[in-house]
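Visitor: Quick one, my_file-v3.txt (compact mmCIF, N, CA and C atoms):
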```
# COMPACT_ATOMS: atom_id res chain seq x y z
N MET A 18 156.03 71.98 68.34
CA MET A 18 155.85 72.12 69.77
C MET A 18 155.66 70.77 70.46
N ASP A 19 155.03 69.84 69.78
CA ASP A 19 154.82 68.51 70.35
C ASP A 19 156.14 67.78 70.54
N VAL A 20 157.08 67.98 69.63
CA VAL A 20 158.38 67.32 69.73
C VAL A 20 159.14 67.86 70.93
N ILE A 21 159.06 69.16 71.18
CA ILE A 21 159.73 69.77 72.32
C ILE A 21 159.16 69.22 73.63
N THR A 22 157.86 69.10 73.70
CA THR A 22 157.21 68.55 74.89
C THR A 22 157.63 67.11 75.12
N LEU A 23 157.69 66.32 74.08
CA LEU A 23 158.11 64.93 74.19
C LEU A 23 159.56 64.84 74.68
N VAL A 24 160.43 65.67 74.14
CA VAL A 24 161.83 65.66 74.56
C VAL A 24 161.95 66.06 76.03
N VAL A 25 161.20 67.06 76.46
CA VAL A 25 161.24 67.48 77.87
C VAL A 25 160.78 66.35 78.78
N PHE A 26 159.75 65.64 78.40
CA PHE A 26 159.26 64.52 79.21
C PHE A 26 160.28 63.40 79.28
N VAL A 27 160.89 63.05 78.17
CA VAL A 27 161.88 61.96 78.16
C VAL A 27 163.11 62.34 78.98
N VAL A 28 163.56 63.57 78.84
CA VAL A 28 164.72 64.03 79.62
C VAL A 28 164.38 64.06 81.11
N SER A 29 163.16 64.48 81.46
CA SER A 29 162.78 64.52 82.87
C SER A 29 162.68 63.12 83.46
N ILE A 30 162.28 62.13 82.66
CA ILE A 30 162.23 60.75 83.14
C ILE A 30 163.63 60.28 83.51
N HIS A 31 164.56 60.50 82.63
CA HIS A 31 165.93 60.07 82.88
C HIS A 31 166.55 60.85 84.04
N PHE A 32 166.36 62.16 84.06
CA PHE A 32 166.94 62.99 85.11
C PHE A 32 166.34 62.67 86.48
N ALA A 33 165.04 62.42 86.54
CA ALA A 33 164.40 62.04 87.81
C ALA A 33 164.95 60.71 88.30
N GLY A 34 165.19 59.78 87.40
CA GLY A 34 165.78 58.51 87.78
C GLY A 34 167.19 58.67 88.33
N LEU A 35 167.98 59.52 87.70
CA LEU A 35 169.34 59.76 88.19
C LEU A 35 169.35 60.42 89.55
N VAL A 36 168.52 61.44 89.72
CA VAL A 36 168.44 62.13 91.00
C VAL A 36 167.94 61.18 92.08
N ALA A 37 166.97 60.36 91.74
CA ALA A 37 166.43 59.40 92.71
C ALA A 37 167.50 58.41 93.15
N SER A 38 168.26 57.89 92.21
CA SER A 38 169.28 56.91 92.58
C SER A 38 170.38 57.55 93.42
N ARG A 39 170.71 58.81 93.17
CA ARG A 39 171.70 59.50 93.99
C ARG A 39 171.18 59.80 95.39
N ARG A 40 169.87 59.86 95.54
CA ARG A 40 169.28 60.14 96.85
C ARG A 40 168.82 58.86 97.55
N GLY A 41 169.19 57.69 97.02
CA GLY A 41 168.90 56.42 97.67
C GLY A 41 167.54 55.86 97.35
N ARG A 42 166.97 56.26 96.26
CA ARG A 42 165.64 55.78 95.87
C ARG A 42 165.74 55.00 94.57
N SER A 43 164.67 54.36 94.18
CA SER A 43 164.65 53.50 93.00
C SER A 43 164.60 54.31 91.70
N PHE A 44 165.58 54.04 90.81
CA PHE A 44 165.61 54.68 89.50
C PHE A 44 164.34 54.34 88.72
N ARG A 45 163.96 53.06 88.73
CA ARG A 45 162.82 52.60 87.95
C ARG A 45 161.51 53.20 88.45
N ASN A 46 161.30 53.18 89.76
CA ASN A 46 160.04 53.71 90.29
C ASN A 46 159.90 55.19 90.00
N TRP A 47 160.96 55.96 90.19
CA TRP A 47 160.88 57.40 89.94
C TRP A 47 160.84 57.72 88.46
N GLY A 48 161.38 56.82 87.64
CA GLY A 48 161.21 56.99 86.20
C GLY A 48 159.75 56.87 85.80
N TRP A 49 159.05 55.92 86.42
CA TRP A 49 157.62 55.77 86.14
C TRP A 49 156.82 56.96 86.68
N VAL A 50 157.19 57.44 87.84
CA VAL A 50 156.50 58.62 88.38
C VAL A 50 156.68 59.79 87.43
N ALA A 51 157.90 59.98 86.94
CA ALA A 51 158.16 61.07 86.00
C ALA A 51 157.42 60.86 84.68
N ALA A 52 157.25 59.61 84.28
CA ALA A 52 156.50 59.34 83.06
C ALA A 52 155.03 59.72 83.22
N LEU A 53 154.53 59.58 84.44
CA LEU A 53 153.11 59.89 84.68
C LEU A 53 152.86 61.38 84.90
N ILE A 54 153.75 62.04 85.65
CA ILE A 54 153.47 63.44 85.97
C ILE A 54 154.47 64.41 85.35
N GLY A 55 155.40 63.87 84.58
CA GLY A 55 156.33 64.70 83.84
C GLY A 55 157.35 65.40 84.72
N PRO A 56 157.75 66.61 84.34
CA PRO A 56 158.78 67.34 85.05
C PRO A 56 158.41 67.70 86.49
N LEU A 57 157.16 67.54 86.86
CA LEU A 57 156.76 67.82 88.25
C LEU A 57 157.31 66.78 89.22
N ALA A 58 157.84 65.68 88.71
CA ALA A 58 158.42 64.66 89.57
C ALA A 58 159.71 65.14 90.23
N LEU A 59 160.44 66.03 89.56
CA LEU A 59 161.71 66.50 90.12
C LEU A 59 161.53 67.29 91.41
N PRO A 60 160.65 68.30 91.45
CA PRO A 60 160.47 68.99 92.74
C PRO A 60 159.87 68.06 93.81
N LEU A 61 159.02 67.15 93.40
CA LEU A 61 158.45 66.19 94.35
C LEU A 61 159.54 65.31 94.95
N LEU A 62 160.45 64.87 94.11
CA LEU A 62 161.56 64.04 94.57
C LEU A 62 162.44 64.79 95.56
N LEU A 63 162.65 66.05 95.33
CA LEU A 63 163.51 66.85 96.21
C LEU A 63 162.85 67.15 97.55
N LEU A 64 161.54 66.97 97.64
CA LEU A 64 160.85 67.17 98.92
C LEU A 64 161.08 66.00 99.88
N PHE A 65 161.35 64.82 99.34
CA PHE A 65 161.59 63.65 100.18
C PHE A 65 163.01 63.68 100.74
N PRO A 66 163.20 63.11 101.92
CA PRO A 66 164.54 63.13 102.52
C PRO A 66 165.53 62.27 101.73
N ASN A 67 166.79 62.67 101.81
CA ASN A 67 167.88 61.94 101.18
C ASN A 67 168.19 60.71 102.04
N LEU A 68 168.12 59.52 101.46
CA LEU A 68 168.34 58.29 102.20
C LEU A 68 169.83 57.95 102.32
N HIS A 69 170.69 58.58 101.52
CA HIS A 69 172.13 58.34 101.58
C HIS A 69 172.84 59.32 102.49
N ARG A 70 172.14 60.24 103.07
CA ARG A 70 172.76 61.26 103.91
C ARG A 70 173.41 60.62 105.12
N ASP A 71 174.57 61.14 105.48
CA ASP A 71 175.28 60.65 106.67
C ASP A 71 174.48 61.05 107.91
N ASN A 72 174.34 60.13 108.85
CA ASN A 72 173.54 60.42 110.03
C ASN A 72 174.37 61.00 111.18
N GLY A 73 175.57 61.47 110.90
CA GLY A 73 176.37 62.13 111.92
C GLY A 73 177.03 61.18 112.89
N GLY A 74 177.16 59.90 112.53
CA GLY A 74 177.81 58.94 113.39
C GLY A 74 176.92 58.30 114.42
N HIS A 75 175.65 58.61 114.39
CA HIS A 75 174.69 58.00 115.33
C HIS A 75 174.21 56.67 114.80
N ALA A 76 173.89 55.77 115.69
CA ALA A 76 173.46 54.44 115.28
C ALA A 76 172.03 54.40 114.88
```
Starting from the file, give its structure as structure tokens.
Guide:
Amino acid sequence: MDVITLVVFVVSIHFAGLVASRRGRSFRNWGWVAALIGPLALPLLLLFPNLHRDNGGHA
């Protein structure tokens, strides 16, 4: 069971970093956040606004 938990944490670190970079945030910072709070970083990351989103042509 410990190995499964470790694998889930490592995968969540990498996945949180990928999602963060696609949303315009730092891969490294969100990797550390995921390392500290585990898979809970993913829903937290999705609560923040997407920084790469098109602003509809407004300046």
Visitor: So which one's closest to Ile30 in chain A, A:Leu63, A:Ala52, A:Ala58, A:His69? Using only N, CA and C atoms, please.
Guide: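 So, comparing all the options, the nearest one is A:Ala52.
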Visitor: From the options A:Gly41, A:Gly48, A:Pro56, A:Pro66, which residue's atoms come nearest to Leu23 in chain A, counting only C-alpha atoms?
Guide: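 So, comparing all the options, the nearest one is A:Pro56.
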Visitor: Can you measure atom N of Asn67 in chain A to atom N of Val25 in chain A for me? One decimal in Å is fine.
Guide: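 Going from atom N of Asn67 in chain A over to atom N of Val25 in chain A covers 26.3 Å.
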Visitor: Where does DSSP see alpha helix (DSSP H) in range 36-75 of chain A, if you list the residues as a list in words?
Guide: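 Residues of range 36-75 of chain A classed as alpha helix (DSSP H): Val36, Ala37, Ser38, Arg39, Phe44, Arg45, Asn46, Trp47, Gly48, Trp49, Val50, Ala51, Ala52, Leu53, Ile54, Ala58, Leu59, Pro60, Leu61, Leu62, Leu63 and Leu64 of chain A.
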Visitor: Could you pull the residues within 10 Å of Leu59 in chain A, counting only C-alpha atoms, minus those fewer than 4 positions along the same chain, as number ranges by chain?
Guide: A: 29-30, 32-34, 36-37, 47, 50-51, 54-55, 63-64
Visitor: So how many Å separate CA of Phe26 in chain A and CA of Arg42 in chain A, to one decimal?
Guide: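 Computed distance, CA of Phe26 in chain A to CA of Arg42 in chain A, equals 19.9 Å.
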Visitor: What separation in Å, quoted to one decimal, exists between atom C of Phe44 in chain A and atom N of Asp19 in chain A?
Guide: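 Atom-to-atom, atom C of Phe44 in chain A and atom N of Asp19 in chain A are spaced 26.2 Å apart.
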